[in-house]
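Below is one structure, written out as structure tokens, with a few remarks after it.
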Amino acid sequence: MTVQCCKCKKVRDNGQWTDRPLTIQESKVVSHAYCDRCFVECYIEIFASEASLADCSGAGAVQEALKSSIS
Ligand SMILES: [Zn+2]
């Protein structure tokens with residue numbers, strides 16, 4: 001089965017995420033997941049919202065540091 005990132009729409013081919021469109025055949029049996037990069041981005045977003053809910057001072061700085069580490 002073909003796996004596509006639900007965020008950036010990259011397709012997983014043999015463990016590698018590639019930026020290509022799905023074929024019509026693939027689009028019939030596609031499963032969605034997060035690619036490595038989007039997983040980290042999603043994790044940062046969850047962390048940031050949890051930290052702000054907990055009124056954690058410094059959460060913004062940690063979020064910026066995490067973002068710069070993946071860009
Ligand atoms: Zn992605």
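Letters A, B, ... go to the chains of the structure tokens in the order shown; residues in each chain start at 1; ligands are counted from 1 in the same order.
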Fill in: Distance filter 10 Å around ligand 1, atoms: only C-alpha atoms and all ligand atoms, out as a PyMOL selection string
chain A and resi 4-12+17-19+33-42
Discussion item. When you look at region 57-67 of chain A with a cut-off of 7 Å (counting only C-alpha atoms), what residues show up, excluding the ones that are within fewer than 5 positions of it in the same chain? I need them as a count of residues only.
Written reply: 4
Discussion item. For the strand (DSSP E or B) assignment from backbone DSSP, which residues of chain A qualify? Please present them as a ChimeraX atom specification.
Written reply: /A:2-5,11-13,16-18,30-33
I need the residues from that last selection saved to file as an mmCIF file, in the first residue's frame (with N, CA and C atoms), if you can.
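After the write, again.cif holds the following:
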```cif
data_model
loop_
_atom_site.group_PDB
_atom_site.id
_atom_site.type_symbol
_atom_site.label_atom_id
_atom_site.label_comp_id
_atom_site.auth_asym_id
_atom_site.auth_seq_id
_atom_site.Cartn_x
_atom_site.Cartn_y
_atom_site.Cartn_z
ATOM 1 N N THR A 2 0.406 2.268 -0.697
ATOM 2 C CA THR A 2 1.152 3.520 -0.768
ATOM 3 C C THR A 2 0.856 4.372 0.468
ATOM 4 N N VAL A 3 1.886 5.011 0.981
ATOM 5 C CA VAL A 3 1.715 5.889 2.140
ATOM 6 C C VAL A 3 2.035 7.316 1.716
ATOM 7 N N GLN A 4 1.113 8.218 2.039
ATOM 8 C CA GLN A 4 1.298 9.628 1.706
ATOM 9 C C GLN A 4 1.262 10.454 2.988
ATOM 10 N N CYS A 5 2.112 11.480 3.047
ATOM 11 C CA CYS A 5 2.085 12.378 4.195
ATOM 12 C C CYS A 5 0.812 13.220 4.124
ATOM 13 N N VAL A 11 5.195 11.278 -0.873
ATOM 14 C CA VAL A 11 4.866 9.858 -0.979
ATOM 15 C C VAL A 11 6.066 9.037 -0.536
ATOM 16 N N ARG A 12 5.815 7.980 0.235
ATOM 17 C CA ARG A 12 6.916 7.147 0.707
ATOM 18 C C ARG A 12 7.226 6.042 -0.303
ATOM 19 N N ASP A 13 8.452 6.055 -0.804
ATOM 20 C CA ASP A 13 8.926 5.024 -1.726
ATOM 21 C C ASP A 13 10.136 4.346 -1.095
ATOM 22 N N GLN A 16 11.814 6.183 1.647
ATOM 23 C CA GLN A 16 12.207 7.574 1.369
ATOM 24 C C GLN A 16 10.968 8.386 1.008
ATOM 25 N N TRP A 17 10.891 9.609 1.576
ATOM 26 C CA TRP A 17 9.759 10.483 1.256
ATOM 27 C C TRP A 17 10.108 11.313 0.034
ATOM 28 N N THR A 18 9.319 11.182 -1.014
ATOM 29 C CA THR A 18 9.600 11.912 -2.240
ATOM 30 C C THR A 18 8.432 12.806 -2.624
ATOM 31 N N VAL A 30 -4.489 4.475 -0.844
ATOM 32 C CA VAL A 30 -3.468 5.248 -0.151
ATOM 33 C C VAL A 30 -3.753 5.296 1.349
ATOM 34 N N SER A 31 -2.687 5.205 2.116
ATOM 35 C CA SER A 31 -2.781 5.347 3.558
ATOM 36 C C SER A 31 -2.068 6.646 3.940
ATOM 37 N N HIS A 32 -2.565 7.321 4.972
ATOM 38 C CA HIS A 32 -1.956 8.593 5.338
ATOM 39 C C HIS A 32 -1.194 8.508 6.649
ATOM 40 N N ALA A 33 -0.071 9.209 6.658
ATOM 41 C CA ALA A 33 0.780 9.263 7.846
ATOM 42 C C ALA A 33 1.509 10.596 7.819
#
```
Discussion item. One decimal, in Å: what's the spacing between CA of Gly15 (chain A) and CA of Ser27 (chain A)?
Written reply: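 Computing it gives 18.2 Å between the two atoms.
Going from CA of Met1 (chain A) over to CA of Ile24 (chain A), you cover 13.2 Å.
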Worksheet item: Residues of chain A in alpha helix (DSSP H) according to DSSP, as number ranges by chain?
Response: A: 24-28, 36-53, 59-70
Residues of the last selection are to be written out with N, CA and C atoms, as a short mmCIF file (atom, residue, chain, number, x, y, z; two decimals), in the first residue's frame.
```cif
data_model
loop_
_atom_site.label_atom_id
_atom_site.label_comp_id
_atom_site.auth_asym_id
_atom_site.auth_seq_id
_atom_site.Cartn_x
_atom_site.Cartn_y
_atom_site.Cartn_z
N ILE A 24 -2.95 7.38 -10.39
CA ILE A 24 -4.38 7.13 -10.19
C ILE A 24 -4.58 5.81 -9.45
N GLN A 25 -3.78 4.81 -9.82
CA GLN A 25 -3.86 3.50 -9.18
C GLN A 25 -3.52 3.60 -7.70
N GLU A 26 -2.46 4.34 -7.39
CA GLU A 26 -2.03 4.48 -5.99
C GLU A 26 -3.07 5.22 -5.16
N SER A 27 -3.72 6.22 -5.77
CA SER A 27 -4.66 7.05 -5.02
C SER A 27 -5.89 6.27 -4.54
N LYS A 28 -6.10 5.09 -5.13
CA LYS A 28 -7.24 4.26 -4.71
C LYS A 28 -6.96 3.53 -3.40
N ASP A 36 8.80 12.26 8.22
CA ASP A 36 9.67 12.57 9.37
C ASP A 36 9.61 14.05 9.74
N ARG A 37 9.71 14.89 8.73
CA ARG A 37 9.74 16.33 8.97
C ARG A 37 8.42 16.84 9.53
N CYS A 38 7.31 16.43 8.93
CA CYS A 38 6.01 16.90 9.39
C CYS A 38 5.69 16.34 10.78
N PHE A 39 6.22 15.15 11.08
CA PHE A 39 6.02 14.59 12.40
C PHE A 39 6.66 15.50 13.45
N VAL A 40 7.88 15.96 13.16
CA VAL A 40 8.57 16.85 14.09
C VAL A 40 7.83 18.18 14.20
N GLU A 41 7.38 18.70 13.07
CA GLU A 41 6.64 19.98 13.08
C GLU A 41 5.36 19.84 13.89
N CYS A 42 4.68 18.73 13.71
CA CYS A 42 3.44 18.49 14.44
C CYS A 42 3.72 18.37 15.93
N TYR A 43 4.81 17.68 16.25
CA TYR A 43 5.21 17.50 17.64
C TYR A 43 5.48 18.86 18.29
N ILE A 44 6.15 19.74 17.54
CA ILE A 44 6.45 21.08 18.06
C ILE A 44 5.15 21.85 18.33
N GLU A 45 4.21 21.74 17.39
CA GLU A 45 2.94 22.45 17.56
C GLU A 45 2.20 21.95 18.79
N ILE A 46 2.20 20.64 18.99
CA ILE A 46 1.53 20.07 20.16
C ILE A 46 2.24 20.53 21.43
N PHE A 47 3.57 20.47 21.40
CA PHE A 47 4.35 20.89 22.55
C PHE A 47 4.05 22.34 22.90
N ALA A 48 4.03 23.19 21.87
CA ALA A 48 3.83 24.62 22.09
C ALA A 48 2.45 24.90 22.67
N SER A 49 1.43 24.22 22.15
CA SER A 49 0.09 24.49 22.66
C SER A 49 -0.07 23.96 24.07
N GLU A 50 0.52 22.79 24.34
CA GLU A 50 0.48 22.23 25.70
C GLU A 50 1.21 23.15 26.68
N ALA A 51 2.37 23.65 26.25
CA ALA A 51 3.17 24.51 27.11
C ALA A 51 2.46 25.82 27.40
N SER A 52 1.78 26.37 26.37
CA SER A 52 1.09 27.63 26.59
C SER A 52 -0.14 27.43 27.47
N LEU A 53 -0.78 26.27 27.35
CA LEU A 53 -1.92 25.96 28.22
C LEU A 53 -1.46 25.86 29.67
N ALA A 59 8.34 28.71 26.80
CA ALA A 59 7.88 27.76 25.79
C ALA A 59 8.13 28.28 24.38
N GLY A 60 7.95 29.57 24.19
CA GLY A 60 8.18 30.16 22.87
C GLY A 60 9.62 30.02 22.43
N ALA A 61 10.54 30.21 23.35
CA ALA A 61 11.97 30.09 23.02
C ALA A 61 12.33 28.66 22.66
N VAL A 62 11.76 27.70 23.38
CA VAL A 62 12.02 26.29 23.08
C VAL A 62 11.45 25.95 21.71
N GLN A 63 10.27 26.47 21.42
CA GLN A 63 9.63 26.21 20.12
C GLN A 63 10.51 26.75 18.99
N GLU A 64 11.03 27.95 19.16
CA GLU A 64 11.88 28.55 18.12
C GLU A 64 13.17 27.72 17.94
N ALA A 65 13.73 27.25 19.05
CA ALA A 65 14.95 26.46 18.98
C ALA A 65 14.71 25.14 18.24
N LEU A 66 13.57 24.51 18.52
CA LEU A 66 13.22 23.26 17.85
C LEU A 66 13.00 23.49 16.36
N LYS A 67 12.31 24.58 16.03
CA LYS A 67 12.05 24.90 14.62
C LYS A 67 13.34 25.13 13.86
N SER A 68 14.27 25.87 14.47
CA SER A 68 15.51 26.16 13.76
C SER A 68 16.36 24.91 13.60
N SER A 69 16.16 23.93 14.49
CA SER A 69 16.95 22.70 14.39
C SER A 69 16.53 21.83 13.23
N ILE A 70 15.31 22.02 12.70
CA ILE A 70 14.86 21.19 11.57
C ILE A 70 14.86 21.95 10.25
#
```
